[in-house]
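Asker: Contents are mmCIF, C-alpha atoms; file name start10.cif:
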```
data_protein
loop_
_atom_site.group_PDB
_atom_site.id
_atom_site.type_symbol
_atom_site.label_atom_id
_atom_site.label_comp_id
_atom_site.auth_asym_id
_atom_site.auth_seq_id
_atom_site.Cartn_x
_atom_site.Cartn_y
_atom_site.Cartn_z
ATOM 1 C CA MET A 1 102.930 14.152 78.406
ATOM 2 C CA THR A 2 106.165 12.948 76.786
ATOM 3 C CA ALA A 3 107.773 13.426 73.400
ATOM 4 C CA THR A 4 106.693 10.662 71.013
ATOM 5 C CA LEU A 5 109.298 8.475 69.373
ATOM 6 C CA LEU A 6 109.142 8.104 65.617
ATOM 7 C CA PRO A 7 109.061 4.629 64.054
ATOM 8 C CA GLY A 8 112.605 3.346 63.875
ATOM 9 C CA ALA A 9 113.706 5.845 66.507
ATOM 10 C CA GLY A 10 116.047 3.311 68.028
ATOM 11 C CA THR A 11 118.379 3.991 65.132
ATOM 12 C CA SER A 12 121.149 6.559 65.202
ATOM 13 C CA ALA A 13 120.663 10.186 64.215
ATOM 14 C CA VAL A 14 122.978 12.954 63.118
ATOM 15 C CA GLY A 15 123.146 15.991 65.392
ATOM 16 C CA ILE A 16 124.552 19.236 64.031
ATOM 17 C CA ASP A 17 125.423 22.211 66.238
ATOM 18 C CA VAL A 18 125.899 25.292 64.058
ATOM 19 C CA GLY A 19 127.958 28.063 65.609
ATOM 20 C CA GLY A 20 129.280 31.363 64.378
ATOM 21 C CA THR A 21 132.751 29.932 63.719
ATOM 22 C CA LYS A 22 132.335 26.153 63.609
ATOM 23 C CA ILE A 23 129.910 23.388 62.716
ATOM 24 C CA ALA A 24 130.151 20.451 65.124
ATOM 25 C CA ALA A 25 128.348 17.263 64.134
ATOM 26 C CA GLY A 26 128.159 13.647 65.151
ATOM 27 C CA VAL A 27 126.304 10.363 64.858
ATOM 28 C CA VAL A 28 124.423 9.857 68.118
ATOM 29 C CA GLY A 29 122.927 6.579 69.284
ATOM 30 C CA ALA A 30 119.662 6.150 71.167
ATOM 31 C CA ASP A 31 121.773 6.012 74.338
ATOM 32 C CA GLY A 32 123.087 9.545 73.767
ATOM 33 C CA VAL A 33 126.606 8.352 72.978
ATOM 34 C CA ILE A 34 128.392 10.094 70.109
ATOM 35 C CA ARG A 35 129.956 7.415 67.908
ATOM 36 C CA HIS A 36 131.375 9.488 65.069
ATOM 37 C CA ARG A 37 132.352 13.140 65.057
ATOM 38 C CA LEU A 38 132.989 15.748 62.407
ATOM 39 C CA ARG A 39 133.947 19.393 62.734
ATOM 40 C CA THR A 40 134.342 22.090 60.105
ATOM 41 C CA GLU A 41 134.448 25.864 59.910
ATOM 42 C CA THR A 42 131.195 27.740 59.453
ATOM 43 C CA PRO A 43 131.235 29.415 56.034
ATOM 44 C CA GLY A 44 130.831 33.139 55.787
ATOM 45 C CA ASP A 45 127.967 33.148 53.299
ATOM 46 C CA ALA A 46 124.535 31.568 53.227
ATOM 47 C CA ALA A 47 124.854 29.368 50.148
ATOM 48 C CA ALA A 48 128.121 27.880 51.381
ATOM 49 C CA THR A 49 126.533 27.202 54.779
ATOM 50 C CA ALA A 50 123.773 25.155 53.146
ATOM 51 C CA ARG A 51 126.346 23.181 51.147
ATOM 52 C CA ALA A 52 128.469 22.597 54.246
ATOM 53 C CA LEU A 53 125.510 21.172 56.161
ATOM 54 C CA LEU A 54 124.667 18.841 53.294
ATOM 55 C CA ASP A 55 128.291 17.700 53.066
ATOM 56 C CA VAL A 56 128.371 17.015 56.805
ATOM 57 C CA VAL A 57 125.241 14.860 56.655
ATOM 58 C CA ARG A 58 126.463 12.892 53.647
ATOM 59 C CA SER A 59 129.867 12.302 55.225
ATOM 60 C CA LEU A 60 128.412 10.980 58.489
ATOM 61 C CA ALA A 61 125.710 8.935 56.747
ATOM 62 C CA ALA A 62 128.477 7.137 54.870
ATOM 63 C CA ARG A 63 129.901 5.890 58.179
ATOM 64 C CA GLU A 64 126.715 4.474 59.712
ATOM 65 C CA ASP A 65 123.035 3.995 58.923
ATOM 66 C CA ILE A 66 121.083 6.920 60.323
ATOM 67 C CA GLY A 67 117.383 7.648 60.553
ATOM 68 C CA ALA A 68 117.149 11.400 61.026
ATOM 69 C CA VAL A 69 119.047 14.685 61.178
ATOM 70 C CA GLY A 70 118.736 17.479 63.721
ATOM 71 C CA ILE A 71 120.205 20.945 63.207
ATOM 72 C CA GLY A 72 120.672 23.277 66.172
ATOM 73 C CA VAL A 73 121.033 26.975 65.365
ATOM 74 C CA PRO A 74 121.662 30.004 67.604
ATOM 75 C CA GLY A 75 118.875 32.456 66.947
ATOM 76 C CA PHE A 76 115.139 32.857 66.471
ATOM 77 C CA VAL A 77 113.965 29.605 64.898
ATOM 78 C CA ASP A 78 110.482 29.509 63.389
ATOM 79 C CA ARG A 79 109.758 25.782 63.428
ATOM 80 C CA VAL A 80 106.381 26.269 61.723
ATOM 81 C CA ALA A 81 107.936 27.875 58.641
ATOM 82 C CA GLY A 82 111.205 25.962 58.954
ATOM 83 C CA GLU A 83 113.177 29.213 58.968
ATOM 84 C CA VAL A 84 115.781 30.973 61.050
ATOM 85 C CA LEU A 85 114.422 34.506 61.344
ATOM 86 C CA VAL A 86 117.374 36.105 63.139
ATOM 87 C CA ALA A 87 120.784 34.542 63.742
ATOM 88 C CA PRO A 88 123.323 37.183 64.803
ATOM 89 C CA ASN A 89 126.886 36.410 63.636
ATOM 90 C CA LEU A 90 125.658 33.638 61.330
ATOM 91 C CA ALA A 91 125.136 33.731 57.568
ATOM 92 C CA TRP A 92 122.027 31.559 57.422
ATOM 93 C CA PRO A 93 120.386 30.509 54.120
ATOM 94 C CA HIS A 94 117.039 32.109 53.306
ATOM 95 C CA GLU A 95 115.412 28.735 52.840
ATOM 96 C CA ASP A 96 114.058 25.807 54.806
ATOM 97 C CA VAL A 97 117.315 23.943 55.402
ATOM 98 C CA ALA A 98 115.578 20.983 57.055
ATOM 99 C CA ALA A 99 113.423 20.547 53.933
ATOM 100 C CA LEU A 100 116.514 20.910 51.749
ATOM 101 C CA LEU A 101 118.370 18.182 53.651
ATOM 102 C CA HIS A 102 115.342 15.916 53.479
ATOM 103 C CA ALA A 103 114.999 16.461 49.734
ATOM 104 C CA GLU A 104 118.693 15.754 49.113
ATOM 105 C CA THR A 105 119.149 12.792 51.475
ATOM 106 C CA GLY A 106 115.681 11.330 52.072
ATOM 107 C CA LEU A 107 116.250 11.609 55.836
ATOM 108 C CA ALA A 108 113.795 13.173 58.255
ATOM 109 C CA ALA A 109 115.277 16.519 59.329
ATOM 110 C CA VAL A 110 114.343 19.057 61.992
ATOM 111 C CA LEU A 111 115.524 22.552 62.835
ATOM 112 C CA GLU A 112 115.843 23.580 66.481
ATOM 113 C CA ASN A 113 117.145 26.440 68.567
ATOM 114 C CA ASP A 114 120.534 25.386 69.928
ATOM 115 C CA ALA A 115 119.773 26.193 73.571
ATOM 116 C CA THR A 116 116.489 24.272 73.445
ATOM 117 C CA ALA A 117 118.447 21.352 72.026
ATOM 118 C CA ALA A 118 121.057 21.663 74.783
ATOM 119 C CA ALA A 119 118.369 21.712 77.480
ATOM 120 C CA TRP A 120 116.855 18.564 76.019
ATOM 121 C CA GLY A 121 120.276 16.877 75.862
ATOM 122 C CA GLU A 122 120.832 17.593 79.548
ATOM 123 C CA TYR A 123 117.300 16.462 80.399
ATOM 124 C CA ARG A 124 117.735 13.150 78.593
ATOM 125 C CA PHE A 125 121.367 12.327 79.281
ATOM 126 C CA GLY A 126 122.974 14.958 81.524
ATOM 127 C CA ALA A 127 122.573 16.917 84.749
ATOM 128 C CA ALA A 128 118.755 17.095 84.535
ATOM 129 C CA ARG A 129 118.064 13.387 84.004
ATOM 130 C CA GLY A 130 114.693 12.560 85.532
ATOM 131 C CA GLY A 131 114.019 16.209 86.341
ATOM 132 C CA GLY A 132 110.672 17.962 86.240
ATOM 133 C CA GLU A 133 110.537 21.572 85.104
ATOM 134 C CA VAL A 134 114.047 22.447 83.939
ATOM 135 C CA LEU A 135 115.400 25.801 82.807
ATOM 136 C CA MET A 136 118.795 25.866 81.128
ATOM 137 C CA ILE A 137 120.801 28.959 80.310
ATOM 138 C CA THR A 138 123.847 28.845 78.068
ATOM 139 C CA VAL A 139 126.372 31.579 78.694
ATOM 140 C CA GLY A 140 128.733 32.057 75.785
ATOM 141 C CA THR A 141 129.025 34.804 73.191
ATOM 142 C CA GLY A 142 125.411 35.590 74.101
ATOM 143 C CA ILE A 143 122.847 34.002 76.413
ATOM 144 C CA GLY A 144 120.549 31.228 75.219
ATOM 145 C CA GLY A 145 117.751 29.520 77.060
ATOM 146 C CA GLY A 146 115.865 26.254 76.943
ATOM 147 C CA LEU A 147 112.925 25.008 78.982
ATOM 148 C CA VAL A 148 111.619 21.471 79.495
ATOM 149 C CA VAL A 149 108.102 21.153 80.913
ATOM 150 C CA ASP A 150 106.333 17.835 81.594
ATOM 151 C CA GLY A 151 108.945 15.926 79.626
ATOM 152 C CA VAL A 152 108.632 18.112 76.511
ATOM 153 C CA PRO A 153 110.800 21.016 75.277
ATOM 154 C CA TYR A 154 108.762 24.191 75.530
ATOM 155 C CA ARG A 155 108.981 26.070 72.233
ATOM 156 C CA GLY A 156 106.061 28.483 72.244
ATOM 157 C CA ALA A 157 103.475 29.057 69.518
ATOM 158 C CA ARG A 158 105.976 29.292 66.638
ATOM 159 C CA GLY A 159 109.019 27.637 68.143
ATOM 160 C CA MET A 160 110.763 30.818 69.240
ATOM 161 C CA ALA A 161 110.490 30.533 73.027
ATOM 162 C CA GLY A 162 113.637 30.637 75.101
ATOM 163 C CA GLU A 163 115.299 33.779 73.732
ATOM 164 C CA ILE A 164 116.014 34.862 77.273
ATOM 165 C CA GLY A 165 119.199 36.714 76.380
ATOM 166 C CA HIS A 166 117.006 39.465 74.965
ATOM 167 C CA LEU A 167 115.163 40.282 78.149
ATOM 168 C CA ARG A 168 115.576 44.018 78.629
ATOM 169 C CA VAL A 169 117.358 44.585 81.935
ATOM 170 C CA VAL A 170 118.550 48.174 81.388
ATOM 171 C CA PRO A 171 116.100 50.566 79.695
ATOM 172 C CA ASP A 172 117.861 52.349 76.819
ATOM 173 C CA GLY A 173 121.048 50.515 77.766
ATOM 174 C CA LEU A 174 123.908 49.317 75.613
ATOM 175 C CA PRO A 175 123.070 48.219 72.053
ATOM 176 C CA CYS A 176 122.555 44.519 71.363
ATOM 177 C CA GLY A 177 123.177 42.560 68.184
ATOM 178 C CA CYS A 178 119.434 41.869 67.960
ATOM 179 C CA GLY A 179 118.803 45.554 67.270
ATOM 180 C CA SER A 180 117.420 46.433 70.687
ATOM 181 C CA ARG A 181 119.167 48.056 73.643
ATOM 182 C CA GLY A 182 119.740 46.971 77.221
ATOM 183 C CA CYS A 183 119.374 43.220 76.631
ATOM 184 C CA TRP A 184 120.475 40.822 79.376
ATOM 185 C CA GLU A 185 123.209 39.245 77.249
ATOM 186 C CA VAL A 186 124.860 42.639 76.747
ATOM 187 C CA TYR A 187 125.630 42.627 80.482
ATOM 188 C CA ALA A 188 125.826 38.943 81.426
ATOM 189 C CA SER A 189 127.480 36.981 78.605
ATOM 190 C CA GLY A 190 130.987 35.990 77.588
ATOM 191 C CA SER A 191 131.032 39.025 75.310
ATOM 192 C CA ALA A 192 130.096 41.221 78.245
ATOM 193 C CA LEU A 193 132.881 39.712 80.336
ATOM 194 C CA ALA A 194 135.378 40.357 77.535
ATOM 195 C CA ARG A 195 134.199 43.959 77.223
ATOM 196 C CA ARG A 196 134.569 44.579 80.955
ATOM 197 C CA ALA A 197 137.993 42.912 80.956
ATOM 198 C CA ARG A 198 139.126 45.319 78.211
ATOM 199 C CA GLU A 199 137.649 48.300 80.048
ATOM 200 C CA GLU A 200 139.558 47.342 83.197
ATOM 201 C CA GLY A 201 142.816 46.627 81.376
ATOM 202 C CA LEU A 202 142.871 42.903 82.102
ATOM 203 C CA VAL A 203 142.698 42.110 78.381
ATOM 204 C CA GLY A 204 144.452 44.024 75.628
ATOM 205 C CA ALA A 205 142.445 45.607 72.839
ATOM 206 C CA GLY A 206 144.050 43.308 70.256
ATOM 207 C CA ASP A 207 143.685 40.066 72.220
ATOM 208 C CA PRO A 208 141.985 37.584 69.843
ATOM 209 C CA HIS A 209 140.966 35.242 72.687
ATOM 210 C CA PRO A 210 139.823 37.403 75.611
ATOM 211 C CA GLY A 211 137.857 34.555 77.175
ATOM 212 C CA ARG A 212 140.945 32.388 77.430
ATOM 213 C CA THR A 213 142.900 35.269 78.917
ATOM 214 C CA VAL A 214 140.275 35.886 81.578
ATOM 215 C CA GLY A 215 139.971 32.166 82.276
ATOM 216 C CA ALA A 216 143.718 31.855 82.784
ATOM 217 C CA ALA A 217 143.687 34.855 85.104
ATOM 218 C CA VAL A 218 140.845 33.324 87.130
ATOM 219 C CA ALA A 219 142.763 30.046 87.412
ATOM 220 C CA ALA A 220 145.791 31.997 88.643
ATOM 221 C CA GLY A 221 143.698 33.692 91.323
ATOM 222 C CA ASP A 222 143.928 37.179 89.834
ATOM 223 C CA ALA A 223 141.808 39.476 92.000
ATOM 224 C CA LEU A 224 140.510 41.613 89.126
ATOM 225 C CA ALA A 225 139.530 38.578 87.047
ATOM 226 C CA LEU A 226 137.703 37.063 90.020
ATOM 227 C CA ALA A 227 135.885 40.351 90.635
ATOM 228 C CA LEU A 228 134.786 40.603 87.009
ATOM 229 C CA VAL A 229 133.444 37.038 87.022
ATOM 230 C CA ALA A 230 131.591 37.781 90.263
ATOM 231 C CA GLU A 231 130.116 40.877 88.626
ATOM 232 C CA LEU A 232 128.964 38.711 85.736
ATOM 233 C CA GLY A 233 127.431 36.256 88.201
ATOM 234 C CA ASP A 234 125.515 39.083 89.823
ATOM 235 C CA TRP A 235 124.059 40.151 86.458
ATOM 236 C CA LEU A 236 123.132 36.554 85.695
ATOM 237 C CA GLY A 237 121.417 36.180 89.057
ATOM 238 C CA GLN A 238 119.373 39.346 88.526
ATOM 239 C CA GLY A 239 118.050 38.149 85.194
ATOM 240 C CA LEU A 240 117.432 34.637 86.472
ATOM 241 C CA ALA A 241 115.358 36.018 89.347
ATOM 242 C CA SER A 242 112.872 37.440 86.840
ATOM 243 C CA LEU A 243 112.737 34.136 84.966
ATOM 244 C CA VAL A 244 112.266 32.118 88.161
ATOM 245 C CA ASN A 245 109.450 34.444 89.243
ATOM 246 C CA VAL A 246 107.660 33.762 85.951
ATOM 247 C CA LEU A 247 108.532 30.114 85.261
ATOM 248 C CA ASP A 248 109.085 28.557 88.705
ATOM 249 C CA PRO A 249 111.533 25.862 87.507
ATOM 250 C CA GLY A 250 112.613 23.092 89.816
ATOM 251 C CA LEU A 251 116.163 23.127 88.488
ATOM 252 C CA VAL A 252 118.338 25.669 86.705
ATOM 253 C CA LEU A 253 121.247 24.442 84.608
ATOM 254 C CA VAL A 254 124.097 26.724 83.580
ATOM 255 C CA GLY A 255 126.104 25.745 80.514
ATOM 256 C CA GLY A 256 128.201 27.398 77.841
ATOM 257 C CA GLY A 257 131.881 28.238 77.777
ATOM 258 C CA VAL A 258 131.751 30.799 80.585
ATOM 259 C CA ALA A 259 130.384 28.153 82.962
ATOM 260 C CA ASP A 260 133.734 26.368 82.754
ATOM 261 C CA VAL A 261 134.995 28.542 85.634
ATOM 262 C CA GLY A 262 132.567 26.657 87.885
ATOM 263 C CA ASP A 263 131.641 27.949 91.328
ATOM 264 C CA VAL A 264 133.664 31.128 90.826
ATOM 265 C CA LEU A 265 130.692 32.123 88.659
ATOM 266 C CA LEU A 266 127.912 30.004 90.163
ATOM 267 C CA ASP A 267 128.337 31.088 93.793
ATOM 268 C CA PRO A 268 127.773 34.825 93.127
ATOM 269 C CA LEU A 269 125.015 33.875 90.670
ATOM 270 C CA ARG A 270 123.204 31.870 93.368
ATOM 271 C CA SER A 271 123.583 34.684 95.904
ATOM 272 C CA SER A 272 122.265 37.269 93.451
ATOM 273 C CA LEU A 273 119.353 35.031 92.445
ATOM 274 C CA SER A 274 118.263 34.572 96.059
ATOM 275 C CA ALA A 275 118.633 38.286 96.782
ATOM 276 C CA HIS A 276 116.498 39.368 93.837
ATOM 277 C CA LEU A 277 113.604 36.904 94.050
ATOM 278 C CA SER A 278 110.344 38.752 94.667
ATOM 279 C CA GLY A 279 109.808 39.582 98.295
ATOM 280 C CA GLY A 280 111.779 36.601 99.546
ATOM 281 C CA ALA A 281 108.542 34.629 99.363
ATOM 282 C CA ARG A 282 109.951 31.722 97.396
ATOM 283 C CA ALA A 283 113.020 29.553 97.761
ATOM 284 C CA ALA A 284 115.511 29.666 94.925
ATOM 285 C CA PRO A 285 115.715 26.534 92.786
ATOM 286 C CA ALA A 286 118.893 24.504 92.703
ATOM 287 C CA VAL A 287 121.424 25.960 90.263
ATOM 288 C CA VAL A 288 123.930 23.452 88.911
ATOM 289 C CA ARG A 289 126.449 23.304 86.129
ATOM 290 C CA ALA A 290 125.455 21.389 83.005
ATOM 291 C CA GLU A 291 127.259 18.070 82.483
ATOM 292 C CA LEU A 292 127.507 17.537 78.741
ATOM 293 C CA GLY A 293 129.548 20.628 77.931
ATOM 294 C CA ASN A 294 129.791 21.524 74.258
ATOM 295 C CA ASP A 295 128.127 18.225 73.323
ATOM 296 C CA ALA A 296 124.758 19.067 74.887
ATOM 297 C CA GLY A 297 123.264 20.724 71.829
ATOM 298 C CA LEU A 298 124.567 18.111 69.409
ATOM 299 C CA VAL A 299 123.264 15.215 71.500
ATOM 300 C CA GLY A 300 119.976 16.947 72.251
ATOM 301 C CA VAL A 301 119.114 17.878 68.676
ATOM 302 C CA ALA A 302 119.938 14.367 67.461
ATOM 303 C CA ASP A 303 117.567 12.912 70.049
ATOM 304 C CA LEU A 304 114.851 15.391 69.118
ATOM 305 C CA ALA A 305 115.227 14.444 65.464
ATOM 306 C CA ARG A 306 114.295 10.884 66.392
ATOM 307 C CA ARG A 307 110.974 12.034 67.935
#
```
Written as C-alpha cells, how would this file's structure read?
Answerer:
Amino acid sequence: MTATLLPGAGTSAVGIDVGGTKIAAGVVGADGVIRHRLRTETPGDAAATARALLDVVRSLAAREDIGAVGIGVPGFVDRVAGEVLVAPNLAWPHEDVAALLHAETGLAAVLENDATAAAWGEYRFGAARGGGEVLMITVGTGIGGGLVVDGVPYRGARGMAGEIGHLRVVPDGLPCGCGSRGCWEVYASGSALARRAREEGLVGAGDPHPGRTVGAAVAAGDALALALVAELGDWLGQGLASLVNVLDPGLVLVGGGVADVGDVLLDPLRSSLSAHLSGGARAAPAVVRAELGNDAGLVGVADLARR
C-alpha cells in the first residue's frame, strides 16, 4: 500500500514547520527540493499564530504557483478533528487551522505532527529512501517520533501515534511538560542534556544557549561534556529498546539538533539499544543519522500535502 497522489500533485506545495520559537516555511517541488524559503518568529499568542501562518502562505504563494499547504506541529495532532490537542511551548489557535487556510486561500491544507512529517521526508528524500519499516526519533527540546509502514506514515486511529517522548521510563519520575511524570524525553532530550550540564557545572544557570555550550565542549573534547552525551545516548538506547521490541523496525533514524554531535551520541545509543533488547533474542536494527537536518519536517509535510 502506498500513499495516493492527489490530482495535480506534480505541482509545488508549501511546507510549514512550526516550532516554539520560529516558523520555517518553503515552497517544495515534487523532487523534494526547496525552491523558496521564509522564516519568521513564532508569535506568543494563538490569534497571532494563525495570522502568521496565513501571511506565510500568502507570501510564498505570490512567488510560485502552489497546489497545497502542509503544516507540521510539535504536539498531539488530531487529524480527524483538525486540531492540535496539546502543544507544549506553543500558543496554538483553538480552531482548525488547515480549514482556515483553505477557506482563506482556496488551497488544500493538511495538519501533521512534525516528527511524522520528518519521518516521511527522510523516507521520500533522505536517509530512509527505499526503506521498509522505518522509525524516526527527533531529539531536540523534547523527543518526537514518526513511523512509516508499508510506504505510509503510521498515524493511529486519530492521527496521534508517534508521541514516543511520553513513554514512561521512570515511575513517578521528574515532571514533564505534558503533565505526567517520568517521561522518556525528561531524561533523553536536549532539555535533559541541558539540565544535566547545569547540574554538573558545565553550563551556567544564566546561559541562554546551553545546547551550543555543550556542543562546543564536545567538539573541544571536554571529558565531562562527552560523558553527559554518552549518558544521554544510554537513556535513548533504553527507550528505543522498548520501541524496537514492540515495532520491529528495519531502520531507526535519529534526527533533531542533538543528533548533530554524530557518533559521540549514536555509538553509546547503539550499545545501549543492543544491551536492553529483550533476552538478546533479536538483532538490533541499523541506527543512522537523518540526512535532511532541520529541513526534514518542512519537506515531508509539503510532500504529504500533495497526497
Asker: Between A:Val252, A:Cys178, A:Ala283, A:Val214, which one has atoms that come closest to Gly190 in chain A, using all atoms listed in the file?
Answerer: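 Of the candidates, the smallest distance to Gly190 in chain A is held by A:Val214.
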Asker: Could you work out how far CA of Pro249 in chain A lies from CA of Asn113 in chain A, giving the answer in Å with one decimal?
Answerer: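 Computed distance, CA of Asn113 in chain A to CA of Pro249 in chain A, equals 19.8 Å.
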Asker: Evaluate the PyMOL selection byres ((chain A and resi 97) around 8) against this structure - the residues, as an NGL selection string, please.
Answerer: :A and (50 or 82-83 or 93 or 95-96 or 98-101 or 111)
Asker: List every residue of range 31-115 of chain A that has an atom at most 9 Å from any atom of range 149-167 of chain A, giving for each one its closest atom pair and the distance in Å to one decimal, counting all atoms listed in the file, sorted by chain and then by ascending residue number, as a tab-separated table.
Answerer:
```
residue	atom	partner	partner_atom	distance
A:Gly75	CA	A:Glu163	CA	7.8
A:Phe76	CA	A:Met160	CA	5.6
A:Val77	CA	A:Met160	CA	5.5
A:Asp78	CA	A:Gly159	CA	5.3
A:Arg79	CA	A:Gly159	CA	5.1
A:Val80	CA	A:Arg158	CA	5.8
A:Ala81	CA	A:Arg158	CA	8.4
A:Glu112	CA	A:Gly159	CA	8.1
A:Asn113	CA	A:Met160	CA	7.8
A:Ala115	CA	A:Gly162	CA	7.7
```
Asker: At what distance in Å, to one decimal, does CA of Arg168 in chain A lie from CA of Leu228 in chain A?
Answerer: 21.2 Å
Asker: When you count all atoms listed in the file, which of these residues is closest to Ala48 in chain A: A:Gly257, A:Val229, A:Trp92, A:Trp235?
Answerer: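 The answer is A:Trp92, which sits nearest to Ala48 in chain A.
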Asker: Please write the residues picked by the PyMOL selection byres ((chain A and resi 305) around 6) on this file as a ChimeraX atom specification.
Answerer: /A:68-70,110,302-304,306-307
Asker: Could you check which of A:Leu60, A:Ala223, A:Ile23, A:Gly297 is closest to Gly144 in chain A, using all atoms listed in the file?
Answerer: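 Ranking A:Leu60, A:Ala223, A:Ile23, A:Gly297 by distance to Gly144 in chain A, first place goes to A:Gly297.
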Asker: Apply the PyMOL selection byres ((chain A and resi 244) around 10) to the structure shown and report the selected residues as JSON, numbers by chain.
Answerer: {"A": [135, 239, 240, 241, 242, 243, 245, 246, 247, 248, 249, 250, 251, 252, 273, 277, 278, 282, 283, 284, 285]}
Asker: So which residues touch Leu265 in chain A within 7 Å, counting all atoms listed in the file, skipping near sequence neighbours fewer than 4 positions away, as a list in words?
Answerer: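 Near neighbours after the sequence-gap exclusion: Val229, Ala230, Gly233, Ala259, Val261 and Leu269 of chain A.
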